[in-house]
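Enquirer: Below is one structure. I have some questions about it.
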Amino acid sequence: MRFLRLLSLLAVCLLIPAAYGADKNLRVYFIDVEGGQSTLFISPSGQSLLVDTGWPDNNFRDADRIVAVAKQAGLDHLDFVLITHFHDDHVGGVPQLTERIPVTTFLDHGVNRELTPEVGVLYDAYKKVLATGKYKNIQPKPGDKLPIQGFEATVISADGKLIEKPLVAGGQANGYCKASEVRAADQTENARSLGIQINFGKLRLLDLGDLTWDKEMELMCPTDRLGPMDIYIVSHHGWLQSSSPALVDALHARVAIMDNGAKKGGSTPTLKTIKAAPGLETLWQLHYSIEGGDENNTAAEYIANITKEKDADPANYLELIASPSGSFDVYNSRTKATKHYAAK
């Protein structure tokens with residue numbers, strides 16, 4: 001009888017999911033919220049960080065998609081939800097999400113700076129959720145480390161401000177600045193995006209939310225404050241208001257992952273910039289970009305949702321599985337195929 005109990009205990013241990021620390025890898029899920037952002041990080045410690053929540057309305061479409069992926073990953077709550085900025089495709093899903101899954105802490109850049117009625121309504125809905133008193137709320141500043149266990153997340157941008165000192169791998173003169181035109185300062189919430197850089201062992205990943213071209217130039221010129229990255233989560237869904245050569249080319253990213261929609265993001269100029277970036281091995285996209293067409297989209301095997309009409313897709317996701325050694329895999333839930341990237 002005692003032997004049977006030991007066998008039973010062993011079986012339970014073998015079934016413990018990554019969310020409970022059995023997995024030594026970092027897992028990142030790129031969830032299809034139709035051209036918004038929702039990226040779920042799960043550390044080896046089992047802690048979770050969700051970056052943005054997708055759109056409001058749509059009968060809980062985005063909240064249900066996020067929760068489905070979270071549960072598949074073994075989560076019953078979200079430790080941290082980071083709101084990059086207060087536009088509808090990023091903060092809009094908060095009220096519905098909190099009805100579907102418990103959240104411990106929200107992170108944001110502070111107060112809303114875009115005083116338009118549309119953004120004001122979204123911000124008020126978010127503040128109403130916080131006002132329930134159920135959640136912790138943190139406003140980190142550039143240079144701060146997020147209080148998450150299992151990987152190091154450094155705040156690069158927040159509320160229009162940027163890190164003052166280069167990261168350890170940064171600090172070099174940026175020769176790609178001359179290839180980037182100078183643009184006027186963006187006055188929207190996009191320029192206020194709460195952006196982070198993640199170190200996991202030897203792996204380096206960048207997610208700047210919707211940080212705009214002018215802020216990229218300020219961050220990267222004349223000195224590159226970031227240094228090279230393995231993975232670039234393409235800013236602004238691949239829209240042409242972001243992803244300047246001064247940023248994209250200087251990163252020398254091996255992989256770029258674009259959370260575009262069929263008709264949102266995936267601008268032709270940005271697709272061309274990303275695909276021509278030095279060192280790029282693969283561009284992955286959540287959707288086929290109708291604007292980009294066959295000539296400019298990445299190969300079909302690297303697209304999660306290949307349908308060419310908005311809202312006609314089955315919400316396929318991409319998953320990044322990263323090892324501390326610097327090797328990583330990207331899994332496409334549409335094709336059920338995985339591409340491996342050896343450590344460098």
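A note on labels: chains of the structure tokens are A, B, ... as shown, every chain counts residues from 1, and ligands are counted from 1 in their shown order.
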What are the DSSP alpha helix (DSSP H) residues of region 53-180 of chain A, as a PyMOL selection string?
Expert: chain A and resi 61-72+88-91+94-100+117-130
Enquirer: Taking the DSSP secondary structure from the backbone, can you list the residues of region 173-255 of chain A that are strand (DSSP E or B), as a list in words?
Expert: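 Residues meeting the strand (DSSP E or B) criterion: Ala173, Gly195, Ile196, Gln197, Ile198, Asn199, Phe200, Leu203, Arg204, Leu205, Leu206, Asp207, Thr223, Asp224, Ile231, Tyr232, Ile233 and Val255 of chain A.
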Enquirer: Which is closer to Leu208 (chain A) than all the others in A:Cys221, A:Leu286, A:His236, A:Gly171, using only C-alpha atoms?
Expert: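 Residue with the minimum atom-to-atom distance to Leu208 (chain A): A:His236.
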Enquirer: What's the 8 Å shell around Ala191 (chain A), counting only C-alpha atoms, without same-chain residues fewer than 4 positions away, as a list in words?
Expert: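 These residues fall inside the cut-off: Asp159, Gly160, Asp186, Gln187, Asp210, Leu211, Thr212 and Lys215 of chain A.
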Enquirer: Set the distance at 7 Å and use only C-alpha atoms: which residues neighbour Arg183 (chain A) once local chain neighbours fewer than 2 positions away are removed? I'd like the list as a list in words.
Expert: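 So the residues in contact are Glu181, Ala185 and Asp214 of chain A.
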Enquirer: Name the closest residue to Thr268 (chain A) among the candidates A:Glu152, A:Glu218, A:Asp294, A:Asp89; distances are taken between atoms, counting only C-alpha atoms.
Expert: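 Smallest distance to Thr268 (chain A) is found for A:Asp294.
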Enquirer: Which one is closest to Ser193 (chain A): A:Asp108, A:Asp62, A:Asp79, A:Asp249? Count only C-alpha atoms.
Expert: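 With only C-alpha atoms as the atom set, the closest residue is A:Asp108.
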Enquirer: Which residues, written as a ChimeraX atom specification, have at least one atom at most 8 Å from Thr188 (chain A), with only C-alpha atoms counted and residues fewer than 4 positions away on the same chain left out?
Expert: /A:113-114,192
Enquirer: If we count only C-alpha atoms and set the cut-off at 8 Å, which residues sit around Ala173 (chain A), ignoring sequence neighbours fewer than 4 positions away in its own chain? Please answer as a list in words.
Expert: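 So the residues in contact are Cys221, Pro222, Thr223 and Asp224 of chain A.
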Enquirer: Could you save the residues just selected, with N, CA and C atoms, as a short mmCIF file (atom, residue, chain, number, x, y, z; two decimals), in the first residue's frame?
Expert:
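Result written to part-v5.cif:
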```
data_model
loop_
_atom_site.label_atom_id
_atom_site.label_comp_id
_atom_site.auth_asym_id
_atom_site.auth_seq_id
_atom_site.Cartn_x
_atom_site.Cartn_y
_atom_site.Cartn_z
N CYS A 221 19.68 57.57 -30.37
CA CYS A 221 20.59 58.46 -31.10
C CYS A 221 21.07 59.62 -30.23
N PRO A 222 22.33 59.98 -30.33
CA PRO A 222 23.37 59.35 -31.17
C PRO A 222 23.94 58.07 -30.55
N THR A 223 23.59 57.83 -29.25
CA THR A 223 24.10 56.65 -28.56
C THR A 223 23.02 55.60 -28.42
N ASP A 224 23.34 54.38 -28.76
CA ASP A 224 22.44 53.24 -28.60
C ASP A 224 22.43 52.84 -27.13
#
```
Enquirer: Env of region 34-39 of chain A: 8 Å cut, atoms = only C-alpha atoms, seq-sep filter 4 positions within chain, self excluded. Answer as a PyMOL selection string.
Expert: chain A and resi 28-30+50-55+66+89-90+237+259-265+310-311
Enquirer: Write the residues of the preceding selection, restricted to N, CA and C atoms, as a short mmCIF file (atom, residue, chain, number, x, y, z; two decimals), in the first residue's frame.
Expert:
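And here is the file that came out, selection_18.cif:
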```cif
data_model
loop_
_atom_site.label_atom_id
_atom_site.label_comp_id
_atom_site.auth_asym_id
_atom_site.auth_seq_id
_atom_site.Cartn_x
_atom_site.Cartn_y
_atom_site.Cartn_z
N VAL A 28 6.53 32.51 -23.31
CA VAL A 28 5.89 33.75 -23.70
C VAL A 28 4.83 33.43 -24.75
N TYR A 29 3.60 33.81 -24.47
CA TYR A 29 2.49 33.57 -25.39
C TYR A 29 2.06 34.89 -26.03
N PHE A 30 1.99 34.89 -27.35
CA PHE A 30 1.54 36.05 -28.10
C PHE A 30 0.10 35.76 -28.53
N LEU A 50 1.31 39.67 -17.66
CA LEU A 50 0.54 39.90 -18.89
C LEU A 50 0.74 41.35 -19.31
N VAL A 51 1.25 41.55 -20.53
CA VAL A 51 1.41 42.90 -21.07
C VAL A 51 0.20 43.22 -21.94
N ASP A 52 -0.67 44.07 -21.42
CA ASP A 52 -1.86 44.58 -22.10
C ASP A 52 -2.97 43.53 -22.24
N THR A 53 -4.16 44.04 -22.49
CA THR A 53 -5.36 43.22 -22.34
C THR A 53 -6.29 43.23 -23.55
N GLY A 54 -5.83 43.80 -24.67
CA GLY A 54 -6.68 43.82 -25.85
C GLY A 54 -7.80 44.85 -25.74
N TRP A 55 -8.83 44.64 -26.55
CA TRP A 55 -9.90 45.62 -26.76
C TRP A 55 -11.04 45.48 -25.75
N ILE A 66 -7.48 35.36 -23.73
CA ILE A 66 -6.37 35.44 -22.77
C ILE A 66 -6.49 34.36 -21.72
N ASP A 89 -6.96 49.35 -27.50
CA ASP A 89 -6.47 48.01 -27.83
C ASP A 89 -5.44 47.50 -26.83
N HIS A 90 -5.18 48.27 -25.77
CA HIS A 90 -4.21 47.88 -24.75
C HIS A 90 -4.84 47.81 -23.36
N HIS A 237 2.44 47.20 -33.18
CA HIS A 237 1.79 46.23 -34.07
C HIS A 237 2.34 46.28 -35.50
N ASP A 259 2.60 41.64 -33.36
CA ASP A 259 1.22 41.35 -32.94
C ASP A 259 0.23 42.21 -33.73
N ASN A 260 0.28 42.06 -35.03
CA ASN A 260 -0.60 42.82 -35.92
C ASN A 260 -1.93 42.12 -36.12
N GLY A 261 -2.88 42.84 -36.68
CA GLY A 261 -4.13 42.25 -37.12
C GLY A 261 -4.16 42.20 -38.63
N ALA A 262 -5.21 41.63 -39.20
CA ALA A 262 -5.30 41.55 -40.65
C ALA A 262 -5.35 42.93 -41.28
N LYS A 263 -6.05 43.85 -40.61
CA LYS A 263 -6.20 45.20 -41.14
C LYS A 263 -5.70 46.26 -40.18
N LYS A 264 -4.90 45.87 -39.21
CA LYS A 264 -4.36 46.83 -38.24
C LYS A 264 -2.89 46.50 -37.99
N GLY A 265 -2.03 47.48 -38.21
CA GLY A 265 -0.60 47.23 -38.11
C GLY A 265 -0.12 46.51 -39.36
N LYS A 310 -10.63 40.35 -41.39
CA LYS A 310 -10.61 40.61 -39.96
C LYS A 310 -11.73 39.84 -39.26
N ASP A 311 -11.41 39.30 -38.09
CA ASP A 311 -12.33 38.56 -37.23
C ASP A 311 -12.75 37.21 -37.82
#
```
Enquirer: Ranking A:Thr105, A:Gln197, A:Ser244, A:Thr116 by minimum distance to Cys177 (chain A) and counting only C-alpha atoms, which one comes first?
Expert: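 Closest to Cys177 (chain A) of all the choices is A:Ser244.
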Enquirer: Closest to Leu280 (chain A) among A:Tyr341, A:Tyr331, A:Trp213, A:Tyr317, using only C-alpha atoms?
Expert: A:Tyr341
Enquirer: What is the distance, in Å and to one decimal place, between CA of Ala250 (chain A) and CA of Lys272 (chain A)?
Expert: 15.6 Å
Enquirer: Please measure the separation of CA of Lys336 (chain A) and CA of Ile42 (chain A), giving the value in Å to one decimal.
Expert: 20.5 Å
Enquirer: Which is closer to Leu194 (chain A) than all the others in A:Leu82, A:Ala276, A:Ile290, A:Ala73, using only C-alpha atoms?
Expert: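 Selected residue with least distance to Leu194 (chain A): A:Leu82.
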Enquirer: For a test of reading the model, state the distance in Å between CA of Ser157 (chain A) and CA of Leu97 (chain A), rounded to one decimal.
Expert: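 Atom-to-atom, CA of Ser157 (chain A) and CA of Leu97 (chain A) are spaced 25.0 Å apart.
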